[in-house]
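Shown next: work-v2.cif, given as mmCIF, C-alpha atoms.
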data_final
loop_
_atom_site.group_PDB
_atom_site.id
_atom_site.type_symbol
_atom_site.label_atom_id
_atom_site.label_comp_id
_atom_site.auth_asym_id
_atom_site.auth_seq_id
_atom_site.Cartn_x
_atom_site.Cartn_y
_atom_site.Cartn_z
ATOM 1 C CA MET F 1 -5.687 -21.433 -2.112
ATOM 2 C CA LEU F 2 -5.503 -18.255 -4.157
ATOM 3 C CA GLN F 3 -8.632 -16.158 -4.149
ATOM 4 C CA ARG F 4 -9.813 -13.049 -5.932
ATOM 5 C CA LEU F 5 -11.354 -10.397 -3.719
ATOM 6 C CA GLY F 6 -14.161 -8.971 -5.857
ATOM 7 C CA ALA F 7 -15.624 -6.224 -3.620
ATOM 8 C CA LEU F 8 -12.199 -4.869 -2.603
ATOM 9 C CA GLU F 9 -11.065 -5.080 -6.214
ATOM 10 C CA GLN F 10 -14.058 -2.967 -7.286
ATOM 11 C CA ARG F 11 -13.292 -0.325 -4.639
ATOM 12 C CA LEU F 12 -9.672 -0.112 -5.749
ATOM 13 C CA THR F 13 -10.634 -0.018 -9.443
ATOM 14 C CA HIS F 14 -13.108 2.800 -8.796
ATOM 15 C CA PHE F 15 -10.736 4.758 -6.529
ATOM 16 C CA ALA F 16 -7.699 4.467 -8.816
ATOM 17 C CA ASP F 17 -9.715 4.681 -12.058
ATOM 18 C CA VAL F 18 -7.763 1.764 -13.507
ATOM 19 C CA ASP F 19 -8.338 -1.936 -14.218
ATOM 20 C CA ALA F 20 -7.157 -3.551 -10.963
ATOM 21 C CA ARG F 21 -6.956 -7.147 -9.759
ATOM 22 C CA LEU F 22 -6.451 -8.197 -6.155
ATOM 23 C CA TRP F 23 -5.501 -11.675 -4.956
ATOM 24 C CA SER F 24 -5.072 -13.139 -1.498
ATOM 25 C CA ALA F 25 -3.711 -16.317 0.032
ATOM 26 C CA HIS F 26 -3.452 -17.671 3.556
ATOM 27 C CA ALA F 27 0.094 -18.725 4.315
ATOM 28 C CA ALA F 28 -1.123 -21.875 6.065
ATOM 29 C CA ALA F 29 -3.107 -22.937 2.983
ATOM 30 C CA THR F 30 -0.359 -22.511 0.385
ATOM 31 C CA SER F 31 3.351 -23.005 0.329
ATOM 32 C CA GLY F 32 5.076 -20.191 -1.505
ATOM 33 C CA GLY F 33 2.005 -17.925 -1.282
ATOM 34 C CA SER F 34 3.904 -14.772 -2.239
ATOM 35 C CA ALA F 35 5.499 -16.434 -5.253
ATOM 36 C CA ARG F 36 2.142 -17.822 -6.422
ATOM 37 C CA LEU F 37 0.424 -14.449 -6.065
ATOM 38 C CA LEU F 38 3.267 -12.689 -7.878
ATOM 39 C CA ARG F 39 3.050 -15.232 -10.687
ATOM 40 C CA ALA F 40 -0.745 -14.715 -10.968
ATOM 41 C CA ALA F 41 -0.341 -10.912 -11.037
ATOM 42 C CA ARG F 42 2.395 -11.007 -13.676
ATOM 43 C CA GLN F 43 0.465 -13.457 -15.850
ATOM 44 C CA TRP F 44 -2.627 -11.221 -15.706
ATOM 45 C CA LEU F 45 -0.424 -8.273 -16.707
ATOM 46 C CA GLY F 46 0.955 -10.267 -19.645
ATOM 47 C CA ARG F 47 4.491 -10.320 -18.252
ATOM 48 C CA ALA F 48 6.931 -13.137 -17.680
ATOM 49 C CA PRO F 49 5.890 -14.884 -14.465
ATOM 50 C CA GLU F 50 9.462 -15.175 -13.131
ATOM 51 C CA GLY F 51 12.181 -12.657 -12.413
ATOM 52 C CA PRO F 52 13.356 -10.435 -9.596
ATOM 53 C CA LEU F 53 10.916 -8.322 -7.603
ATOM 54 C CA ARG F 54 12.016 -4.797 -6.845
ATOM 55 C CA SER F 55 10.428 -3.018 -3.927
ATOM 56 C CA ALA F 56 8.712 -0.420 -6.110
ATOM 57 C CA GLN F 57 6.834 -1.294 -9.285
ATOM 58 C CA ALA F 58 4.644 0.776 -11.578
ATOM 59 C CA ASP F 59 1.996 -1.897 -12.050
ATOM 60 C CA HIS F 60 1.985 -4.371 -9.143
ATOM 61 C CA SER F 61 2.744 -4.773 -5.451
ATOM 62 C CA LEU F 62 2.815 -7.527 -2.822
ATOM 63 C CA THR F 63 2.319 -7.491 0.920
ATOM 64 C CA HIS F 64 2.270 -10.117 3.625
ATOM 65 C CA ALA F 65 1.836 -10.089 7.376
ATOM 66 C CA GLY F 66 0.628 -12.656 9.836
ATOM 67 C CA ASP F 67 -0.862 -15.493 7.814
ATOM 68 C CA ARG F 68 -2.120 -13.337 4.903
ATOM 69 C CA THR F 69 -0.514 -12.424 1.588
ATOM 70 C CA PHE F 70 -2.003 -9.997 -0.949
ATOM 71 C CA ALA F 71 -1.074 -8.975 -4.493
ATOM 72 C CA LEU F 72 -2.423 -5.982 -6.419
ATOM 73 C CA ALA F 73 -1.906 -5.522 -10.171
ATOM 74 C CA LEU F 74 -2.938 -2.571 -12.348
ATOM 75 C CA ARG F 75 -3.424 -3.056 -16.082
ATOM 76 C CA GLN F 76 -2.300 -0.104 -18.246
ATOM 77 C CA SER F 77 -1.391 1.799 -15.116
ATOM 78 C CA PRO F 78 -1.326 5.571 -15.411
ATOM 79 C CA TYR F 79 0.721 5.697 -12.197
ATOM 80 C CA ARG F 80 4.428 6.012 -11.642
ATOM 81 C CA GLY F 81 4.273 3.381 -8.885
ATOM 82 C CA VAL F 82 1.841 1.334 -6.811
ATOM 83 C CA GLY F 83 2.220 0.075 -3.251
ATOM 84 C CA LEU F 84 0.136 -2.274 -1.118
ATOM 85 C CA ASP F 85 0.400 -2.941 2.608
ATOM 86 C CA PHE F 86 -1.540 -5.157 5.014
ATOM 87 C CA GLU F 87 -1.251 -5.351 8.786
ATOM 88 C CA PRO F 88 -3.295 -7.560 11.120
ATOM 89 C CA TRP F 89 -4.983 -5.717 13.973
ATOM 90 C CA ARG F 90 -2.539 -5.073 16.797
ATOM 91 C CA PRO F 91 -2.061 -2.247 19.245
ATOM 92 C CA LEU F 92 0.212 0.649 18.380
ATOM 93 C CA ASP F 93 1.263 3.182 20.978
ATOM 94 C CA GLU F 94 3.108 6.486 21.398
ATOM 95 C CA ARG F 95 6.437 4.940 20.321
ATOM 96 C CA HIS F 96 4.960 4.053 16.938
ATOM 97 C CA ARG F 97 3.370 7.469 16.682
ATOM 98 C CA ARG F 98 6.781 9.148 17.024
ATOM 99 C CA LEU F 99 8.302 6.796 14.442
ATOM 100 C CA MET F 100 5.796 7.466 11.685
ATOM 101 C CA LEU F 101 4.107 10.862 12.035
ATOM 102 C CA THR F 102 5.401 14.254 11.042
ATOM 103 C CA ARG F 103 4.842 17.070 13.530
ATOM 104 C CA ARG F 104 2.001 18.445 11.426
ATOM 105 C CA GLU F 105 0.318 15.029 11.167
ATOM 106 C CA ASP F 106 0.695 14.489 14.902
ATOM 107 C CA ALA F 107 -0.943 17.854 15.631
ATOM 108 C CA GLN F 108 -3.814 17.155 13.200
ATOM 109 C CA LEU F 109 -4.521 13.716 14.631
ATOM 110 C CA GLY F 110 -4.794 14.743 18.243
ATOM 111 C CA ALA F 111 -5.764 11.766 20.393
ATOM 112 C CA ALA F 112 -5.760 9.092 17.681
ATOM 113 C CA ASN F 113 -6.492 5.544 18.789
ATOM 114 C CA GLY F 114 -4.453 2.418 18.006
ATOM 115 C CA ARG F 115 -6.633 1.523 14.994
ATOM 116 C CA ASP F 116 -6.018 4.958 13.459
ATOM 117 C CA LEU F 117 -2.289 4.599 14.019
ATOM 118 C CA LEU F 118 -2.231 1.133 12.443
ATOM 119 C CA ARG F 119 -4.174 2.463 9.438
ATOM 120 C CA ILE F 120 -1.673 5.301 9.013
ATOM 121 C CA TRP F 121 1.219 2.854 9.345
ATOM 122 C CA THR F 122 -0.167 0.791 6.439
ATOM 123 C CA VAL F 123 -0.692 3.939 4.357
ATOM 124 C CA LYS F 124 2.890 5.070 4.968
ATOM 125 C CA GLU F 125 4.244 1.607 4.086
ATOM 126 C CA ALA F 126 2.153 1.576 0.885
ATOM 127 C CA LEU F 127 3.499 5.050 -0.005
ATOM 128 C CA PHE F 128 7.061 3.813 0.557
ATOM 129 C CA LYS F 129 6.423 0.852 -1.776
ATOM 130 C CA ALA F 130 4.855 3.067 -4.461
ATOM 131 C CA ASP F 131 7.790 5.497 -4.473
ATOM 132 C CA LEU F 132 10.104 4.267 -7.245
ATOM 133 C CA GLY F 133 12.985 6.416 -6.020
ATOM 134 C CA GLY F 134 12.312 6.297 -2.312
ATOM 135 C CA GLN F 135 13.858 3.117 -1.035
ATOM 136 C CA GLN F 136 16.319 5.116 1.072
ATOM 137 C CA ARG F 137 13.623 7.105 2.908
ATOM 138 C CA TRP F 138 11.894 6.473 6.213
ATOM 139 C CA VAL F 139 8.090 6.600 6.480
ATOM 140 C CA THR F 140 8.148 10.042 8.150
ATOM 141 C CA ALA F 141 9.313 11.476 4.805
ATOM 142 C CA TYR F 142 5.810 10.846 3.440
ATOM 143 C CA GLU F 143 3.285 13.405 4.609
ATOM 144 C CA LEU F 144 -0.465 12.786 4.493
ATOM 145 C CA ASP F 145 -2.432 15.933 3.689
ATOM 146 C CA TYR F 146 -5.284 14.874 5.988
ATOM 147 C CA PRO F 147 -4.088 11.954 8.136
ATOM 148 C CA ASN F 148 -7.490 11.428 9.769
ATOM 149 C CA ARG F 149 -9.043 10.403 6.418
ATOM 150 C CA ARG F 150 -9.170 6.822 5.119
ATOM 151 C CA SER F 151 -8.383 8.005 1.602
ATOM 152 C CA GLY F 152 -6.654 11.070 0.304
ATOM 153 C CA THR F 153 -3.424 12.537 -0.924
ATOM 154 C CA ALA F 154 0.163 12.575 0.279
ATOM 155 C CA ARG F 155 3.543 13.861 -0.814
ATOM 156 C CA VAL F 156 7.257 13.479 -0.300
ATOM 157 C CA ARG F 157 9.912 16.109 -0.904
ATOM 158 C CA ALA F 158 13.232 14.987 -2.328
ATOM 159 C CA GLY F 159 16.003 16.930 -4.001
ATOM 160 C CA GLY F 160 13.918 20.065 -4.482
ATOM 161 C CA ARG F 161 11.086 18.093 -6.087
ATOM 162 C CA VAL F 162 7.753 16.952 -4.717
ATOM 163 C CA GLN F 163 6.257 13.553 -5.559
ATOM 164 C CA HIS F 164 2.460 13.365 -5.113
ATOM 165 C CA PHE F 165 0.409 10.276 -4.238
ATOM 166 C CA ARG F 166 -3.161 9.122 -3.736
ATOM 167 C CA TYR F 167 -4.035 6.459 -1.169
ATOM 168 C CA ILE F 168 -6.936 4.427 0.160
ATOM 169 C CA SER F 169 -7.118 2.400 3.356
ATOM 170 C CA ILE F 170 -9.752 -0.312 3.827
ATOM 171 C CA GLU F 171 -10.598 -2.247 6.995
ATOM 172 C CA ILE F 172 -10.949 -5.942 6.216
ATOM 173 C CA PRO F 173 -11.608 -8.916 8.497
ATOM 174 C CA GLY F 174 -8.499 -9.339 10.608
ATOM 175 C CA GLY F 175 -6.701 -6.128 9.712
ATOM 176 C CA VAL F 176 -6.277 -3.148 7.441
ATOM 177 C CA LEU F 177 -5.229 -3.044 3.773
ATOM 178 C CA SER F 178 -3.898 0.144 2.164
ATOM 179 C CA ALA F 179 -2.958 0.950 -1.425
ATOM 180 C CA ALA F 180 -0.960 3.950 -2.650
ATOM 181 C CA PHE F 181 -0.483 5.296 -6.151
ATOM 182 C CA ALA F 182 2.400 7.573 -7.193
ATOM 183 C CA LEU F 183 1.212 10.236 -9.615
ATOM 184 C CA HIS F 184 3.164 11.384 -12.645
ATOM 185 C CA ASN F 185 3.961 14.954 -11.633
ATOM 186 C CA GLY F 186 3.503 17.372 -14.516
#

For the structure just supplied, provide its representation as structure tokens.
Amino acid sequence: MLQRLGALEQRLTHFADVDARLWSAHAAATSGGSARLLRAARQWLGRAPEGPLRSAQADHSLTHAGDRTFALALRQSPYRGVGLDFEPWRPLDERHRRLMLTRREDAQLGAANGRDLLRIWTVKEALFKADLGGQQRWVTAYELDYPNRRSGTARVRAGGRVQHFRYISIEIPGGVLSAAFALHNG
């Protein structure tokens, strides 16, 4: 069963200052949940419902983990890219910390707990998905300005240029959902 998530949708619309729609499906309840959510997002955007899905899109993103699938679509998006990531609650430890944090982020976080690390992991994955040119980068390339915040700004340096992002991370029943938006750099 596909469902619209009204309260989360409103938070994302307000944060991103754009007309946003968010859908969810439980994998056990629908066969082809990702395909159905992608079709719903593309139809709402007024685009052909079929076709290949690239990792980075300017107006929509998909994520799935555990038994949940989510799709986010932005109508008349002012962003260069959008990314969405969901992870069910699970423990993360020092190994994960080394894999995803820059030295500066690690120093700012101090003694972060597993929930904080999982939140940051979803933010970094959402940033990766929102980066139209970044599919060859690892998540440590993306640096959060204030990693202890649930929403904020981030950047990635590539080829002498800096790409800027905004992100928001929201705890939901069963996990954490994060969205990232690549800004058009002036």

*Report the distance between CA of Gln135 in chain F and CA of Arg104 in chain F in Å, rounded to one decimal place.*
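Calculated distance between CA of Gln135 in chain F and CA of Arg104 in chain F is 23.0 Å.
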
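The two atoms in question, CA of Ala20 in chain F and CA of Trp44 in chain F, are spaced 10.1 Å apart.
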
I'd like the contact shell of Arg97 in chain F - 10 Å cut-off, all atoms listed in the file, skipping same-chain residues fewer than 5 positions apart - returned as a short mmCIF file (atom, residue, chain, number, x, y, z; two decimals) with C-alpha atoms, in the coordinates of the input.
data_model
loop_
_atom_site.label_atom_id
_atom_site.label_comp_id
_atom_site.auth_asym_id
_atom_site.auth_seq_id
_atom_site.Cartn_x
_atom_site.Cartn_y
_atom_site.Cartn_z
CA LEU F 92 0.21 0.65 18.38
CA THR F 102 5.40 14.25 11.04
CA GLU F 105 0.32 15.03 11.17
CA ASP F 106 0.70 14.49 14.90
CA ALA F 112 -5.76 9.09 17.68
CA GLY F 114 -4.45 2.42 18.01
CA LEU F 117 -2.29 4.60 14.02
CA LEU F 118 -2.23 1.13 12.44
CA ILE F 120 -1.67 5.30 9.01
CA TRP F 121 1.22 2.85 9.35
#

_Taking the file as I've supplied it (selection: the PyMOL selection byres ((chain F and resi 167-175) around 6)), which residues are included? Please answer as a ChimeraX atom specification._
/F:87-89,150-152,166,176-180

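Here CA of Arg98 in chain F and CA of Gln57 in chain F stand 28.3 Å from one another.
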
*Find the residue from F:Val82, F:Leu99, F:Leu109, F:Ala73 that sits nearest to Leu183 in chain F; use only C-alpha atoms when measuring.*
F:Val82

*Starting from the shown file, work through the PyMOL selection byres ((chain F and resi 22) around 10) and note down what comes out as a PyMOL selection string.*
chain F and resi 3-10+12-13+20-21+23-24+37+40-41+60-62+70-74

Please write as a compact mmCIF listing (two decimals) with C-alpha atoms, keeping the file's coordinate frame the full residue list that the PyMOL selection byres ((chain F and resi 164) around 6) yields on this file.
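Result saved to part-v2.txt:
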# COMPACT_ATOMS: atom_id res chain seq x y z
CA ALA F 154 0.16 12.58 0.28
CA ARG F 155 3.54 13.86 -0.81
CA GLN F 163 6.26 13.55 -5.56
CA PHE F 165 0.41 10.28 -4.24
CA LEU F 183 1.21 10.24 -9.62

_Surrounding residues of Lys124 in chain F excluding itself and chain neighbours under 4 positions, 8 Å, all atoms listed in the file, as a ChimeraX atom specification_ = /F:100,120,128,139-140,142

Report, as AutoDock Vina command-line options, the centre and edge lengths in Å (one decimal) of the axis-aligned box enclosing every listed atom of range 62-72 of chain F, padded by 5 Å on each side.
--center_x 0.2 --center_y -10.7 --center_z 1.7 --size_x 15.2 --size_y 19.5 --size_z 26.3

*Selected residue of minimal separation from Gly46 in chain F among F:Thr153, F:Asp85, F:Gln76, F:His64, counting all atoms listed in the file*: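 Of F:Thr153, F:Asp85, F:Gln76, F:His64, the one nearest Gly46 in chain F is F:Gln76, counting all atoms listed in the file.
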
*Using only C-alpha atoms, which of the listed residues (F:Asp116, F:Glu94, F:Asp59, F:Asp19) sits closest to Ala182 in chain F?*
F:Asp59
